[in-house]
Amino acid sequence: MRDVILLEDEAVLREELSEFLAGCGYRVDAESSLEGFQRRYDPTRHGIALIDLGLPDGDGLTLIQQLRARGDRLGIVVLTARGATRDRVAGLDIGADYYLAKTSDLDELAATLSALSRRLGDGGGAPQPNAAWVLELSPRRLLPPGFGPIALSEQDLIVLHELMRGAGQIASRQQIVEALGEDFLSYDQRRLDTQMRRLRRKVNEATGLALPINTARNAGYRFHARALIRP
């Protein structure tokens, strides 16, 4: 079940989760409201729903109740700031398969979705969260899991090398800028933002996947998938 529908009203978190899930290999449709979810949801495509509870036009618990009443074969994961025991019990009683706090580690989310896919009898069709992205230094190219190589510029290579060699950890802006051979104090930060946008677009246009890099606000970037670097 490769298609996930995400319902999250916080724009930054919605973007970060969409990027992470796409980087894991899922096809993601993201919505910010109950109305948008109900318009986009397609039971013939979406195998898993990732649902926030506090929404601008209603409560996610009501949505879960409605989805279960339809009888669709759908895995439901609640991802919310409501961490009290009574909220967890209510969510699970209504029909959620899993209940995760928004503070949960992204690796925990990936493992939860993988386990849910197996439970639903996906037959191995779900993406593997541990599939590696491979960076080849010579020739300069990136190999996304399941796709052919993507040629990289020298700057692309330097940025990815800095991020992928510390996969799972935040690489600071200063760290990346200095790896590019620039003086951090005089460097225009917008250049780095533009570089990251170009790199993400290059990968997405070649594969349909999102490059598995999260933006750590006011800090740097984090490569959140398994990474291998080859000479």
# chains A, B, ... in the order shown; residues from 1 in each chain; ligands from 1
>>> residues_around(residues="range 77-79 of chain A", least_positions_apart="3", cutoff="6 Å", atoms="only C-alpha atoms", output="count of residues only")
10
>>> select_by_dssp(residues="range 67-167 of chain A", states="alpha helix (DSSP H)", output="ChimeraX atom specification")
/A:67-70,85-94,106-119,154-164
>>> write_last_selection(atoms="N, CA and C atoms", output="CSV table (one decimal), in the first residue's frame")
chain,number,residue,atom,x,y,z
A,67,LEU,N,-14.8,7.1,8.7
A,67,LEU,CA,-14.1,6.2,7.8
A,67,LEU,C,-14.3,4.7,8.2
A,68,ARG,N,-14.4,4.5,9.5
A,68,ARG,CA,-14.6,3.1,10.0
A,68,ARG,C,-16.0,2.7,9.6
A,69,ALA,N,-17.0,3.6,9.7
A,69,ALA,CA,-18.4,3.3,9.4
A,69,ALA,C,-18.5,2.9,7.9
A,70,ARG,N,-17.6,3.5,7.0
A,70,ARG,CA,-17.7,3.1,5.6
A,70,ARG,C,-17.3,1.7,5.3
A,85,THR,N,-3.6,10.1,28.2
A,85,THR,CA,-4.1,8.7,28.1
A,85,THR,C,-5.5,8.6,27.6
A,86,ARG,N,-6.4,9.5,28.1
A,86,ARG,CA,-7.8,9.4,27.7
A,86,ARG,C,-7.9,9.7,26.2
A,87,ASP,N,-7.1,10.6,25.6
A,87,ASP,CA,-7.1,10.9,24.2
A,87,ASP,C,-6.7,9.6,23.4
A,88,ARG,N,-5.6,9.0,23.9
A,88,ARG,CA,-5.1,7.8,23.2
A,88,ARG,C,-6.2,6.7,23.2
A,89,VAL,N,-6.8,6.5,24.3
A,89,VAL,CA,-7.8,5.5,24.5
A,89,VAL,C,-9.0,5.8,23.5
A,90,ALA,N,-9.4,7.1,23.5
A,90,ALA,CA,-10.5,7.5,22.6
A,90,ALA,C,-10.2,7.2,21.2
A,91,GLY,N,-9.0,7.6,20.8
A,91,GLY,CA,-8.6,7.4,19.4
A,91,GLY,C,-8.5,5.9,19.0
A,92,LEU,N,-8.0,5.1,19.9
A,92,LEU,CA,-7.9,3.6,19.6
A,92,LEU,C,-9.3,3.0,19.6
A,93,ASP,N,-10.1,3.4,20.5
A,93,ASP,CA,-11.5,2.9,20.6
A,93,ASP,C,-12.3,3.2,19.4
A,94,ILE,N,-12.1,4.4,18.8
A,94,ILE,CA,-12.9,4.8,17.7
A,94,ILE,C,-12.4,4.0,16.4
A,106,LEU,N,10.9,10.3,13.6
A,106,LEU,CA,10.5,9.9,12.3
A,106,LEU,C,10.7,8.5,11.9
A,107,ASP,N,11.8,7.9,12.5
A,107,ASP,CA,12.1,6.5,12.3
A,107,ASP,C,11.0,5.6,12.9
A,108,GLU,N,10.4,6.1,14.0
A,108,GLU,CA,9.3,5.3,14.6
A,108,GLU,C,8.1,5.4,13.7
A,109,LEU,N,7.9,6.6,13.1
A,109,LEU,CA,6.8,6.7,12.2
A,109,LEU,C,6.9,5.7,11.0
A,110,ALA,N,8.1,5.7,10.4
A,110,ALA,CA,8.4,4.8,9.3
A,110,ALA,C,8.2,3.4,9.7
A,111,ALA,N,8.7,3.0,10.9
A,111,ALA,CA,8.5,1.6,11.3
A,111,ALA,C,7.0,1.3,11.5
A,112,THR,N,6.3,2.2,12.1
A,112,THR,CA,4.9,2.0,12.3
A,112,THR,C,4.1,1.8,11.0
A,113,LEU,N,4.4,2.6,10.0
A,113,LEU,CA,3.7,2.5,8.7
A,113,LEU,C,4.1,1.2,8.0
A,114,SER,N,5.4,0.8,8.2
A,114,SER,CA,5.8,-0.5,7.6
A,114,SER,C,5.1,-1.7,8.2
A,115,ALA,N,5.0,-1.6,9.6
A,115,ALA,CA,4.3,-2.7,10.3
A,115,ALA,C,2.8,-2.7,10.0
A,116,LEU,N,2.2,-1.6,9.8
A,116,LEU,CA,0.8,-1.5,9.5
A,116,LEU,C,0.6,-2.1,8.1
A,117,SER,N,1.5,-1.7,7.1
A,117,SER,CA,1.3,-2.3,5.8
A,117,SER,C,1.4,-3.8,5.8
A,118,ARG,N,2.3,-4.4,6.6
A,118,ARG,CA,2.4,-5.8,6.7
A,118,ARG,C,1.1,-6.4,7.3
A,119,ARG,N,0.6,-5.7,8.3
A,119,ARG,CA,-0.6,-6.2,9.0
A,119,ARG,C,-1.8,-6.2,8.1
A,154,GLU,N,29.1,19.7,-9.1
A,154,GLU,CA,30.1,19.7,-8.0
A,154,GLU,C,29.5,20.2,-6.7
A,155,GLN,N,28.7,21.2,-6.8
A,155,GLN,CA,28.1,21.8,-5.6
A,155,GLN,C,27.0,20.8,-5.0
A,156,ASP,N,26.3,20.2,-5.9
A,156,ASP,CA,25.3,19.1,-5.5
A,156,ASP,C,26.0,18.1,-4.7
A,157,LEU,N,27.1,17.6,-5.2
A,157,LEU,CA,27.9,16.5,-4.6
A,157,LEU,C,28.4,16.9,-3.2
A,158,ILE,N,28.9,18.1,-3.1
A,158,ILE,CA,29.5,18.6,-1.8
A,158,ILE,C,28.4,18.7,-0.8
A,159,VAL,N,27.2,19.2,-1.2
A,159,VAL,CA,26.1,19.4,-0.2
A,159,VAL,C,25.6,18.0,0.2
A,160,LEU,N,25.4,17.1,-0.7
A,160,LEU,CA,24.9,15.8,-0.4
A,160,LEU,C,25.9,15.0,0.4
A,161,HIS,N,27.2,15.1,0.1
A,161,HIS,CA,28.2,14.4,0.9
A,161,HIS,C,28.2,14.9,2.3
A,162,GLU,N,28.1,16.2,2.5
A,162,GLU,CA,28.1,16.7,3.9
A,162,GLU,C,26.9,16.2,4.7
A,163,LEU,N,25.7,16.1,4.0
A,163,LEU,CA,24.5,15.6,4.7
A,163,LEU,C,24.5,14.1,4.9
A,164,MET,N,24.9,13.4,3.8
A,164,MET,CA,24.7,11.9,3.9
A,164,MET,C,25.8,11.3,4.7
>>> atom_distance(atom1="CA of Pro231 in chain A", atom2="CA of Asp183 in chain A")
27.1 Å
>>> closest_residue(among="A:Gly36, A:Lys202, A:Ala210, A:Gly58", to="Ser18 in chain A", atoms="only C-alpha atoms")
A:Ala210
>>> closest_residue(among="A:Ala206, A:Ala151, A:Pro139, A:Leu74", to="Arg45 in chain A", atoms="only C-alpha atoms")
A:Leu74
>>> residues_around(residues="Trp133 in chain A", least_positions_apart="5", cutoff="10 Å", atoms="only C-alpha atoms", output="PyMOL selection string")
chain A and resi 23+142-147+164+211-212+225-229
>>> decode(residues="range 106-122 of chain A", atoms="all heavy atoms", output="PDB file, in the first residue's frame")
ATOM      1  N   LEU A 106      10.948  10.287  13.619  1.00  0.00           N
ATOM      2  CA  LEU A 106      10.493   9.935  12.274  1.00  0.00           C
ATOM      3  C   LEU A 106      10.749   8.469  11.943  1.00  0.00           C
ATOM      4  O   LEU A 106       9.995   7.843  11.197  1.00  0.00           O
ATOM      5  CB  LEU A 106      11.162  10.839  11.235  1.00  0.00           C
ATOM      6  CG  LEU A 106      10.690  12.294  11.220  1.00  0.00           C
ATOM      7  CD1 LEU A 106      11.525  13.117  10.255  1.00  0.00           C
ATOM      8  CD2 LEU A 106       9.218  12.390  10.860  1.00  0.00           C
ATOM      9  N   ASP A 107      11.827   7.915  12.500  1.00  0.00           N
ATOM     10  CA  ASP A 107      12.106   6.494  12.276  1.00  0.00           C
ATOM     11  C   ASP A 107      11.002   5.631  12.884  1.00  0.00           C
ATOM     12  O   ASP A 107      10.657   4.574  12.350  1.00  0.00           O
ATOM     13  CB  ASP A 107      13.460   6.107  12.864  1.00  0.00           C
ATOM     14  CG  ASP A 107      14.618   6.715  12.093  1.00  0.00           C
ATOM     15  OD1 ASP A 107      14.420   7.034  10.907  1.00  0.00           O
ATOM     16  OD2 ASP A 107      15.706   6.880  12.665  1.00  0.00           O
ATOM     17  N   GLU A 108      10.447   6.077  14.025  1.00  0.00           N
ATOM     18  CA  GLU A 108       9.337   5.348  14.646  1.00  0.00           C
ATOM     19  C   GLU A 108       8.111   5.405  13.738  1.00  0.00           C
ATOM     20  O   GLU A 108       7.393   4.406  13.583  1.00  0.00           O
ATOM     21  CB  GLU A 108       9.003   5.942  16.012  1.00  0.00           C
ATOM     22  CG  GLU A 108       7.863   5.223  16.729  1.00  0.00           C
ATOM     23  CD  GLU A 108       7.500   5.842  18.068  1.00  0.00           C
ATOM     24  OE1 GLU A 108       8.135   6.825  18.471  1.00  0.00           O
ATOM     25  OE2 GLU A 108       6.557   5.323  18.703  1.00  0.00           O
ATOM     26  N   LEU A 109       7.881   6.558  13.132  1.00  0.00           N
ATOM     27  CA  LEU A 109       6.752   6.680  12.207  1.00  0.00           C
ATOM     28  C   LEU A 109       6.935   5.744  11.013  1.00  0.00           C
ATOM     29  O   LEU A 109       6.005   5.043  10.616  1.00  0.00           O
ATOM     30  CB  LEU A 109       6.632   8.126  11.731  1.00  0.00           C
ATOM     31  CG  LEU A 109       5.588   8.388  10.636  1.00  0.00           C
ATOM     32  CD1 LEU A 109       4.195   7.995  11.087  1.00  0.00           C
ATOM     33  CD2 LEU A 109       5.623   9.855  10.217  1.00  0.00           C
ATOM     34  N   ALA A 110       8.141   5.712  10.441  1.00  0.00           N
ATOM     35  CA  ALA A 110       8.401   4.839   9.292  1.00  0.00           C
ATOM     36  C   ALA A 110       8.189   3.377   9.665  1.00  0.00           C
ATOM     37  O   ALA A 110       7.591   2.607   8.906  1.00  0.00           O
ATOM     38  CB  ALA A 110       9.822   5.055   8.785  1.00  0.00           C
ATOM     39  N   ALA A 111       8.673   2.986  10.853  1.00  0.00           N
ATOM     40  CA  ALA A 111       8.515   1.600  11.289  1.00  0.00           C
ATOM     41  C   ALA A 111       7.045   1.266  11.530  1.00  0.00           C
ATOM     42  O   ALA A 111       6.584   0.163  11.226  1.00  0.00           O
ATOM     43  CB  ALA A 111       9.325   1.364  12.563  1.00  0.00           C
ATOM     44  N   THR A 112       6.291   2.227  12.062  1.00  0.00           N
ATOM     45  CA  THR A 112       4.870   2.022  12.308  1.00  0.00           C
ATOM     46  C   THR A 112       4.116   1.805  10.994  1.00  0.00           C
ATOM     47  O   THR A 112       3.291   0.895  10.881  1.00  0.00           O
ATOM     48  CB  THR A 112       4.274   3.237  13.054  1.00  0.00           C
ATOM     49  OG1 THR A 112       4.905   3.356  14.333  1.00  0.00           O
ATOM     50  CG2 THR A 112       2.778   3.080  13.252  1.00  0.00           C
ATOM     51  N   LEU A 113       4.405   2.629  10.003  1.00  0.00           N
ATOM     52  CA  LEU A 113       3.732   2.493   8.708  1.00  0.00           C
ATOM     53  C   LEU A 113       4.104   1.181   8.028  1.00  0.00           C
ATOM     54  O   LEU A 113       3.257   0.531   7.412  1.00  0.00           O
ATOM     55  CB  LEU A 113       4.086   3.668   7.806  1.00  0.00           C
ATOM     56  CG  LEU A 113       3.579   5.043   8.268  1.00  0.00           C
ATOM     57  CD1 LEU A 113       4.024   6.122   7.293  1.00  0.00           C
ATOM     58  CD2 LEU A 113       2.070   5.055   8.420  1.00  0.00           C
ATOM     59  N   SER A 114       5.358   0.781   8.156  1.00  0.00           N
ATOM     60  CA  SER A 114       5.782  -0.492   7.563  1.00  0.00           C
ATOM     61  C   SER A 114       5.075  -1.661   8.231  1.00  0.00           C
ATOM     62  O   SER A 114       4.596  -2.588   7.565  1.00  0.00           O
ATOM     63  CB  SER A 114       7.301  -0.641   7.699  1.00  0.00           C
ATOM     64  OG  SER A 114       7.750  -1.823   7.091  1.00  0.00           O
ATOM     65  N   ALA A 115       4.992  -1.617   9.576  1.00  0.00           N
ATOM     66  CA  ALA A 115       4.307  -2.689  10.310  1.00  0.00           C
ATOM     67  C   ALA A 115       2.828  -2.726   9.957  1.00  0.00           C
ATOM     68  O   ALA A 115       2.235  -3.799   9.798  1.00  0.00           O
ATOM     69  CB  ALA A 115       4.491  -2.480  11.813  1.00  0.00           C
ATOM     70  N   LEU A 116       2.215  -1.557   9.813  1.00  0.00           N
ATOM     71  CA  LEU A 116       0.802  -1.492   9.470  1.00  0.00           C
ATOM     72  C   LEU A 116       0.560  -2.054   8.067  1.00  0.00           C
ATOM     73  O   LEU A 116      -0.421  -2.782   7.835  1.00  0.00           O
ATOM     74  CB  LEU A 116       0.319  -0.042   9.555  1.00  0.00           C
ATOM     75  CG  LEU A 116      -1.165   0.216   9.268  1.00  0.00           C
ATOM     76  CD1 LEU A 116      -2.058  -0.660  10.135  1.00  0.00           C
ATOM     77  CD2 LEU A 116      -1.492   1.690   9.478  1.00  0.00           C
ATOM     78  N   SER A 117       1.451  -1.747   7.135  1.00  0.00           N
ATOM     79  CA  SER A 117       1.322  -2.289   5.778  1.00  0.00           C
ATOM     80  C   SER A 117       1.375  -3.813   5.791  1.00  0.00           C
ATOM     81  O   SER A 117       0.582  -4.478   5.117  1.00  0.00           O
ATOM     82  CB  SER A 117       2.448  -1.747   4.882  1.00  0.00           C
ATOM     83  OG  SER A 117       2.304  -0.362   4.671  1.00  0.00           O
ATOM     84  N   ARG A 118       2.298  -4.371   6.579  1.00  0.00           N
ATOM     85  CA  ARG A 118       2.396  -5.834   6.661  1.00  0.00           C
ATOM     86  C   ARG A 118       1.134  -6.413   7.282  1.00  0.00           C
ATOM     87  O   ARG A 118       0.628  -7.449   6.855  1.00  0.00           O
ATOM     88  CB  ARG A 118       3.626  -6.231   7.481  1.00  0.00           C
ATOM     89  CG  ARG A 118       4.947  -5.943   6.782  1.00  0.00           C
ATOM     90  CD  ARG A 118       6.096  -6.652   7.482  1.00  0.00           C
ATOM     91  NE  ARG A 118       6.243  -6.251   8.871  1.00  0.00           N
ATOM     92  CZ  ARG A 118       6.989  -5.230   9.262  1.00  0.00           C
ATOM     93  NH1 ARG A 118       7.654  -4.498   8.380  1.00  0.00           N
ATOM     94  NH2 ARG A 118       7.092  -4.927  10.546  1.00  0.00           N
ATOM     95  N   ARG A 119       0.627  -5.741   8.300  1.00  0.00           N
ATOM     96  CA  ARG A 119      -0.575  -6.224   8.978  1.00  0.00           C
ATOM     97  C   ARG A 119      -1.779  -6.236   8.063  1.00  0.00           C
ATOM     98  O   ARG A 119      -2.645  -7.096   8.134  1.00  0.00           O
ATOM     99  CB  ARG A 119      -0.869  -5.321  10.179  1.00  0.00           C
ATOM    100  CG  ARG A 119      -1.276  -6.080  11.433  1.00  0.00           C
ATOM    101  CD  ARG A 119      -1.509  -5.122  12.556  1.00  0.00           C
ATOM    102  NE  ARG A 119      -2.864  -4.622  12.539  1.00  0.00           N
ATOM    103  CZ  ARG A 119      -3.308  -3.643  13.314  1.00  0.00           C
ATOM    104  NH1 ARG A 119      -2.498  -3.043  14.139  1.00  0.00           N
ATOM    105  NH2 ARG A 119      -4.562  -3.262  13.251  1.00  0.00           N
ATOM    106  N   LEU A 120      -1.819  -5.277   7.153  1.00  0.00           N
ATOM    107  CA  LEU A 120      -2.936  -5.182   6.226  1.00  0.00           C
ATOM    108  C   LEU A 120      -2.777  -6.124   5.035  1.00  0.00           C
ATOM    109  O   LEU A 120      -3.604  -6.128   4.134  1.00  0.00           O
ATOM    110  CB  LEU A 120      -3.082  -3.743   5.728  1.00  0.00           C
ATOM    111  CG  LEU A 120      -3.522  -2.718   6.783  1.00  0.00           C
ATOM    112  CD1 LEU A 120      -3.376  -1.312   6.246  1.00  0.00           C
ATOM    113  CD2 LEU A 120      -4.953  -2.979   7.220  1.00  0.00           C
ATOM    114  N   GLY A 121      -1.671  -6.877   5.029  1.00  0.00           N
ATOM    115  CA  GLY A 121      -1.463  -7.851   3.962  1.00  0.00           C
ATOM    116  C   GLY A 121      -1.020  -7.226   2.677  1.00  0.00           C
ATOM    117  O   GLY A 121      -1.514  -7.565   1.605  1.00  0.00           O
ATOM    118  N   ASP A 122      -0.056  -6.294   2.767  1.00  0.00           N
ATOM    119  CA  ASP A 122       0.410  -5.603   1.576  1.00  0.00           C
ATOM    120  C   ASP A 122       1.218  -6.507   0.657  1.00  0.00           C
ATOM    121  O   ASP A 122       1.516  -6.151  -0.467  1.00  0.00           O
ATOM    122  CB  ASP A 122       1.275  -4.406   1.996  1.00  0.00           C
ATOM    123  CG  ASP A 122       1.533  -3.452   0.856  1.00  0.00           C
ATOM    124  OD1 ASP A 122       0.616  -3.231   0.076  1.00  0.00           O
ATOM    125  OD2 ASP A 122       2.652  -2.959   0.749  1.00  0.00           O
TER     126      ASP A 122
END
